[in-house]
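Everything on this sheet refers to the single structure shown next.
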Amino acid sequence: MCPNPRQRFTQEIQAIHRNETKYADSSVYTQSQAVEASRSSRKKTIITVSAIIALIAVLGGLLFFAAKSLNDKSSDKESSTSANESAVSEETTTSSTAQTTAATTETTTEATTTTKDPHEFVGIINTKSDDLSVRAAPSYDAEILGTIPKDAEVKAYTLDDDKDWCRIEYAEKGLSGYSCSHYIINKDNPDESVPHDWVEATYTSPKKCRICGATEGEILKPDYPYDRVIHSQMDGEITGTYYDEKVLDIDSDGEMEFIVCYKNNTNPSATYSSFIYDVYDNGKLVYYGRDGMVDGGPSYCGIIKDNNTGEVFLGLVTEYFQGGGVDRLLPSQQYDFEIQVVYNYSVAAPGTAEHDEQRANGRNKVKERFSPIWGDSLITWWN
């Protein structure tokens, strides 16, 4: 059956209403979903933003710690570098200071070397035994101003024009003059010392430096016998045995003589002839020793020094009835001699008081003026 128009209208209205309701429900659902979707989207956005913020925070923290670590390492490196630079700087400073000091020292040394006299050196006196003479000029004949003891230190200066002499200054004695360079050793350079220019010994002169006149050793010894026969005025022929020897200038001619002393073995108790002397000049026997009998009285032969003149000679100390004195023995020809009177005293006739007094006075005058140098028989007379 077909619906009537009213029913159809009603049905249509109901259908429209149902559709509207359906559409309304559908719209509400859609809006709800949209809201929910929006909320979900916002939530997701918030979560995403939070995650991003968190990630940024984490990354920031990591960057912070990384930066801090790098900063610490940089600081350590800078500290290490600073320490190394400080050490290098200190080393450089020390090296620079050392170099400066060395340079200063070198400069000072150079300045000192520059200002020091190149001729100057510290000298050591190297004589064998005697003191070294200081002279007024570089010559062996120049005046002696004083002496310097062996092993003393002096300020010395070499001479450009004369290597054999040095100008020296000895503060301890206030001495300034010239001395033979052969006796002065350079303390810092001993090998630079100047040797003597020796001339070999002869019968009249010991080994002698040609330049400065220094001597060493003795004159050549003559070929003399060890034992020999001696003529004695008191005892006749006697046997003499070698006793001693001396080298002296006994005739004041500037040349040395060689003197041999023999002891009287035949009559050793003879005080006036217990020792007899032979004199050699230039290797030749010029005085043949005799006993001490002179002018009828005993004499004592030996080496005597005249205290008034400083001369040393072979002489006789004599004593006889009319007085006594000192005589010098001078070689005149072989096996002979001449007597030079040096000092005599006279006395009154023996047996008188004046004689004994004058003899005592004469003896005392001899002892004051003369000194025994060599010869036991002389000592007997002096005592």
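Simple scheme: letters A, B, ... for chains in structure tokens order, numbers from 1 for residues in each chain, numbers from 1 for ligands in the order shown.
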
Q) Got a sec: who's within 7 Å of Val347 (chain A), counting only C-alpha atoms, leaving out chain neighbours fewer than 5 positions off, as a count of residues only? A) 5

Where does DSSP see strand (DSSP E) in region 140-224 of chain A, if you list the residues as a PDB file with N, CA and C atoms, in the first residue's frame?
ATOM      1  N   ILE A 144     177.138  46.354  44.278  1.00  0.00           N
ATOM      2  CA  ILE A 144     176.174  45.471  44.930  1.00  0.00           C
ATOM      3  C   ILE A 144     175.351  46.284  45.931  1.00  0.00           C
ATOM      4  N   LEU A 145     174.027  46.332  45.710  1.00  0.00           N
ATOM      5  CA  LEU A 145     173.132  47.104  46.573  1.00  0.00           C
ATOM      6  C   LEU A 145     172.646  46.296  47.772  1.00  0.00           C
ATOM      7  N   GLY A 146     172.652  44.996  47.653  1.00  0.00           N
ATOM      8  CA  GLY A 146     172.169  44.123  48.723  1.00  0.00           C
ATOM      9  C   GLY A 146     172.081  42.694  48.210  1.00  0.00           C
ATOM     10  N   THR A 147     171.523  41.816  49.031  1.00  0.00           N
ATOM     11  CA  THR A 147     171.401  40.410  48.643  1.00  0.00           C
ATOM     12  C   THR A 147     169.993  39.894  48.952  1.00  0.00           C
ATOM     13  N   ILE A 148     169.617  38.828  48.248  1.00  0.00           N
ATOM     14  CA  ILE A 148     168.318  38.179  48.444  1.00  0.00           C
ATOM     15  C   ILE A 148     168.565  36.712  48.769  1.00  0.00           C
ATOM     16  N   GLU A 153     160.840  34.821  46.933  1.00  0.00           N
ATOM     17  CA  GLU A 153     160.067  35.236  45.771  1.00  0.00           C
ATOM     18  C   GLU A 153     160.293  36.723  45.504  1.00  0.00           C
ATOM     19  N   VAL A 154     160.474  37.064  44.232  1.00  0.00           N
ATOM     20  CA  VAL A 154     160.695  38.451  43.845  1.00  0.00           C
ATOM     21  C   VAL A 154     159.824  38.779  42.628  1.00  0.00           C
ATOM     22  N   LYS A 155     159.606  40.043  42.412  1.00  0.00           N
ATOM     23  CA  LYS A 155     158.970  40.496  41.176  1.00  0.00           C
ATOM     24  C   LYS A 155     160.103  40.772  40.199  1.00  0.00           C
ATOM     25  N   ALA A 156     160.080  40.080  39.064  1.00  0.00           N
ATOM     26  CA  ALA A 156     161.186  40.175  38.116  1.00  0.00           C
ATOM     27  C   ALA A 156     160.697  40.661  36.757  1.00  0.00           C
ATOM     28  N   TYR A 157     161.590  41.309  36.025  1.00  0.00           N
ATOM     29  CA  TYR A 157     161.286  41.816  34.690  1.00  0.00           C
ATOM     30  C   TYR A 157     162.438  41.450  33.754  1.00  0.00           C
ATOM     31  N   THR A 158     162.098  40.802  32.644  1.00  0.00           N
ATOM     32  CA  THR A 158     163.131  40.496  31.660  1.00  0.00           C
ATOM     33  C   THR A 158     163.522  41.771  30.922  1.00  0.00           C
ATOM     34  N   LEU A 159     164.731  41.768  30.386  1.00  0.00           N
ATOM     35  CA  LEU A 159     165.236  42.913  29.636  1.00  0.00           C
ATOM     36  C   LEU A 159     165.246  42.572  28.150  1.00  0.00           C
ATOM     37  N   ASP A 162     169.000  42.293  26.932  1.00  0.00           N
ATOM     38  CA  ASP A 162     169.965  41.469  27.660  1.00  0.00           C
ATOM     39  C   ASP A 162     169.233  40.368  28.428  1.00  0.00           C
ATOM     40  N   LYS A 163     169.191  39.176  27.854  1.00  0.00           N
ATOM     41  CA  LYS A 163     168.458  38.075  28.469  1.00  0.00           C
ATOM     42  C   LYS A 163     169.153  37.522  29.710  1.00  0.00           C
ATOM     43  N   ASP A 164     170.424  37.893  29.904  1.00  0.00           N
ATOM     44  CA  ASP A 164     171.193  37.329  31.012  1.00  0.00           C
ATOM     45  C   ASP A 164     170.995  38.069  32.327  1.00  0.00           C
ATOM     46  N   TRP A 165     170.256  39.180  32.277  1.00  0.00           N
ATOM     47  CA  TRP A 165     170.000  39.950  33.496  1.00  0.00           C
ATOM     48  C   TRP A 165     168.508  40.250  33.609  1.00  0.00           C
ATOM     49  N   CYS A 166     168.040  40.369  34.842  1.00  0.00           N
ATOM     50  CA  CYS A 166     166.652  40.745  35.120  1.00  0.00           C
ATOM     51  C   CYS A 166     166.632  41.934  36.065  1.00  0.00           C
ATOM     52  N   ARG A 167     165.675  42.789  35.849  1.00  0.00           N
ATOM     53  CA  ARG A 167     165.417  43.833  36.854  1.00  0.00           C
ATOM     54  C   ARG A 167     164.483  43.229  37.893  1.00  0.00           C
ATOM     55  N   ILE A 168     164.827  43.359  39.147  1.00  0.00           N
ATOM     56  CA  ILE A 168     164.029  42.713  40.187  1.00  0.00           C
ATOM     57  C   ILE A 168     163.662  43.700  41.294  1.00  0.00           C
ATOM     58  N   GLU A 169     162.574  43.355  41.972  1.00  0.00           N
ATOM     59  CA  GLU A 169     162.116  44.123  43.134  1.00  0.00           C
ATOM     60  C   GLU A 169     161.846  43.134  44.259  1.00  0.00           C
ATOM     61  N   TYR A 170     162.478  43.384  45.401  1.00  0.00           N
ATOM     62  CA  TYR A 170     162.317  42.518  46.571  1.00  0.00           C
ATOM     63  C   TYR A 170     161.751  43.371  47.699  1.00  0.00           C
ATOM     64  N   LEU A 175     164.537  46.261  48.155  1.00  0.00           N
ATOM     65  CA  LEU A 175     165.625  46.251  47.178  1.00  0.00           C
ATOM     66  C   LEU A 175     165.068  46.335  45.762  1.00  0.00           C
ATOM     67  N   SER A 176     165.738  47.099  44.940  1.00  0.00           N
ATOM     68  CA  SER A 176     165.389  47.189  43.526  1.00  0.00           C
ATOM     69  C   SER A 176     166.675  47.353  42.747  1.00  0.00           C
ATOM     70  N   GLY A 177     166.883  46.474  41.777  1.00  0.00           N
ATOM     71  CA  GLY A 177     168.116  46.536  41.007  1.00  0.00           C
ATOM     72  C   GLY A 177     168.154  45.436  39.969  1.00  0.00           C
ATOM     73  N   TYR A 178     169.338  44.910  39.714  1.00  0.00           N
ATOM     74  CA  TYR A 178     169.522  43.909  38.668  1.00  0.00           C
ATOM     75  C   TYR A 178     170.250  42.692  39.233  1.00  0.00           C
ATOM     76  N   SER A 179     169.812  41.520  38.773  1.00  0.00           N
ATOM     77  CA  SER A 179     170.442  40.268  39.192  1.00  0.00           C
ATOM     78  C   SER A 179     170.566  39.342  37.995  1.00  0.00           C
ATOM     79  N   CYS A 180     171.464  38.406  38.128  1.00  0.00           N
ATOM     80  CA  CYS A 180     171.694  37.432  37.062  1.00  0.00           C
ATOM     81  C   CYS A 180     170.445  36.573  36.865  1.00  0.00           C
ATOM     82  N   ILE A 184     167.354  33.004  38.624  1.00  0.00           N
ATOM     83  CA  ILE A 184     165.957  33.352  38.884  1.00  0.00           C
ATOM     84  C   ILE A 184     165.067  32.442  38.048  1.00  0.00           C
ATOM     85  N   ILE A 185     164.286  31.607  38.716  1.00  0.00           N
ATOM     86  CA  ILE A 185     163.389  30.678  38.031  1.00  0.00           C
ATOM     87  C   ILE A 185     162.009  31.321  37.913  1.00  0.00           C
ATOM     88  N   ASN A 186     161.425  31.235  36.734  1.00  0.00           N
ATOM     89  CA  ASN A 186     160.059  31.703  36.529  1.00  0.00           C
ATOM     90  C   ASN A 186     159.112  30.749  37.254  1.00  0.00           C
ATOM     91  N   TRP A 198     178.302  28.501  30.610  1.00  0.00           N
ATOM     92  CA  TRP A 198     179.468  28.112  31.404  1.00  0.00           C
ATOM     93  C   TRP A 198     180.753  28.019  30.563  1.00  0.00           C
ATOM     94  N   VAL A 199     181.832  28.451  31.191  1.00  0.00           N
ATOM     95  CA  VAL A 199     183.178  28.198  30.687  1.00  0.00           C
ATOM     96  C   VAL A 199     183.803  27.193  31.644  1.00  0.00           C
ATOM     97  N   LYS A 207     184.570  26.596  37.245  1.00  0.00           N
ATOM     98  CA  LYS A 207     183.620  26.782  36.161  1.00  0.00           C
ATOM     99  C   LYS A 207     182.927  28.127  36.357  1.00  0.00           C
ATOM    100  N   LYS A 208     182.869  28.913  35.268  1.00  0.00           N
ATOM    101  CA  LYS A 208     182.426  30.296  35.416  1.00  0.00           C
ATOM    102  C   LYS A 208     181.474  30.666  34.283  1.00  0.00           C
ATOM    103  N   CYS A 209     180.403  31.399  34.632  1.00  0.00           N
ATOM    104  CA  CYS A 209     179.462  31.873  33.628  1.00  0.00           C
ATOM    105  C   CYS A 209     180.090  33.025  32.848  1.00  0.00           C
ATOM    106  N   THR A 215     180.243  31.517  39.581  1.00  0.00           N
ATOM    107  CA  THR A 215     181.150  30.373  39.569  1.00  0.00           C
ATOM    108  C   THR A 215     180.489  29.160  40.198  1.00  0.00           C
ATOM    109  N   GLU A 216     181.008  28.011  39.849  1.00  0.00           N
ATOM    110  CA  GLU A 216     180.482  26.758  40.385  1.00  0.00           C
ATOM    111  C   GLU A 216     181.630  25.760  40.489  1.00  0.00           C
TER     112      GLU A 216
END

Q) If we count only C-alpha atoms, what is near Thr318 (chain A) at a cut-off of 7 Å, once residues fewer than 4 positions away on the same chain are taken out, given as an MDAnalysis selection string? A) chainID A and resid 298:300 324:326

How would the residues just picked look written out with N, CA and C atoms as a CSV table (one decimal), in the first residue's frame?
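The result, written out as result_19.csv:
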chain,number,residue,atom,x,y,z
A,298,PRO,N,210.4,28.9,66.3
A,298,PRO,CA,209.3,28.2,65.6
A,298,PRO,C,208.2,29.1,65.0
A,299,SER,N,207.6,28.6,64.0
A,299,SER,CA,206.4,29.3,63.4
A,299,SER,C,205.4,28.3,63.1
A,300,TYR,N,204.2,28.8,63.0
A,300,TYR,CA,203.0,28.0,62.8
A,300,TYR,C,202.4,28.3,61.4
A,324,GLY,N,208.3,38.6,67.6
A,324,GLY,CA,207.4,37.7,66.8
A,324,GLY,C,206.6,38.5,65.9
A,325,GLY,N,205.6,37.8,65.2
A,325,GLY,CA,204.7,38.5,64.3
A,325,GLY,C,204.1,37.5,63.3
A,326,VAL,N,203.7,38.1,62.2
A,326,VAL,CA,203.0,37.4,61.2
A,326,VAL,C,203.7,37.7,59.8

Q. With only C-alpha atoms as the atoms that count, which of A:Phe313, A:Tyr287, A:Phe321, A:Phe275 lies nearest to Pro372 (chain A)?
A. A:Phe313

Q) Which one is closest to Lys305 (chain A): A:Ser252, A:Ser371, A:Asn364, A:Thr241? Count only C-alpha atoms. A) A:Ser371

**Q.** Selection: 7 Å around Asp306 (chain A), only C-alpha atoms, excl. self and same-chain fewer than 5 positions, as an NGL selection string
**A.** :A and (311-312 or 369-371)

Restricted to all heavy atoms, what would the selected residues look like written as an mmCIF file, in the first residue's frame?
data_model
loop_
_atom_site.group_PDB
_atom_site.id
_atom_site.type_symbol
_atom_site.label_atom_id
_atom_site.label_comp_id
_atom_site.auth_asym_id
_atom_site.auth_seq_id
_atom_site.Cartn_x
_atom_site.Cartn_y
_atom_site.Cartn_z
ATOM 1 N N GLU A 311 192.227 40.401 53.744
ATOM 2 C CA GLU A 311 193.005 39.484 52.919
ATOM 3 C C GLU A 311 193.154 38.125 53.597
ATOM 4 O O GLU A 311 193.250 38.025 54.826
ATOM 5 C CB GLU A 311 194.386 40.059 52.632
ATOM 6 C CG GLU A 311 194.385 41.282 51.734
ATOM 7 C CD GLU A 311 195.791 41.793 51.497
ATOM 8 O OE1 GLU A 311 196.404 42.318 52.448
ATOM 9 O OE2 GLU A 311 196.289 41.654 50.365
ATOM 10 N N VAL A 312 193.183 37.095 52.787
ATOM 11 C CA VAL A 312 193.413 35.731 53.259
ATOM 12 C C VAL A 312 194.687 35.230 52.587
ATOM 13 O O VAL A 312 194.841 35.362 51.363
ATOM 14 C CB VAL A 312 192.227 34.813 52.914
ATOM 15 C CG1 VAL A 312 192.519 33.385 53.327
ATOM 16 C CG2 VAL A 312 190.957 35.308 53.612
ATOM 17 N N ARG A 369 194.374 41.292 65.457
ATOM 18 C CA ARG A 369 194.396 41.675 64.050
ATOM 19 C C ARG A 369 194.179 40.486 63.113
ATOM 20 O O ARG A 369 193.583 40.657 62.041
ATOM 21 C CB ARG A 369 195.727 42.346 63.711
ATOM 22 C CG ARG A 369 195.836 42.708 62.247
ATOM 23 C CD ARG A 369 197.067 43.524 61.952
ATOM 24 N NE ARG A 369 197.229 43.721 60.502
ATOM 25 C CZ ARG A 369 198.209 44.412 59.952
ATOM 26 N NH1 ARG A 369 199.140 45.003 60.721
ATOM 27 N NH2 ARG A 369 198.291 44.530 58.638
ATOM 28 N N PHE A 370 194.632 39.296 63.503
ATOM 29 C CA PHE A 370 194.600 38.149 62.605
ATOM 30 C C PHE A 370 193.741 37.025 63.183
ATOM 31 O O PHE A 370 193.578 36.908 64.393
ATOM 32 C CB PHE A 370 196.027 37.628 62.356
ATOM 33 C CG PHE A 370 196.937 38.653 61.744
ATOM 34 C CD1 PHE A 370 197.754 39.442 62.544
ATOM 35 C CD2 PHE A 370 196.964 38.839 60.372
ATOM 36 C CE1 PHE A 370 198.593 40.391 61.991
ATOM 37 C CE2 PHE A 370 197.798 39.791 59.811
ATOM 38 C CZ PHE A 370 198.613 40.564 60.619
ATOM 39 N N SER A 371 193.203 36.216 62.265
ATOM 40 C CA SER A 371 192.385 35.066 62.668
ATOM 41 C C SER A 371 192.865 33.825 61.927
ATOM 42 O O SER A 371 193.165 33.885 60.729
ATOM 43 C CB SER A 371 190.904 35.293 62.336
ATOM 44 O OG SER A 371 190.399 36.421 63.009
#

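Across the structure, CA of Glu255 (chain A) and CA of Val366 (chain A) are spaced 27.4 Å apart.
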
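Shortest atom-to-atom contact with Leu248 (chain A) among A:Leu285, A:Ile373, A:Val134, A:Ala171: A:Ile373, counting only C-alpha atoms.
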
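Minimum atom-to-atom distances from A:Ile259, A:Ala214, A:Val122, A:Leu220 to Asp188 (chain A) were compared using only C-alpha atoms, and the lowest value belongs to A:Val122.
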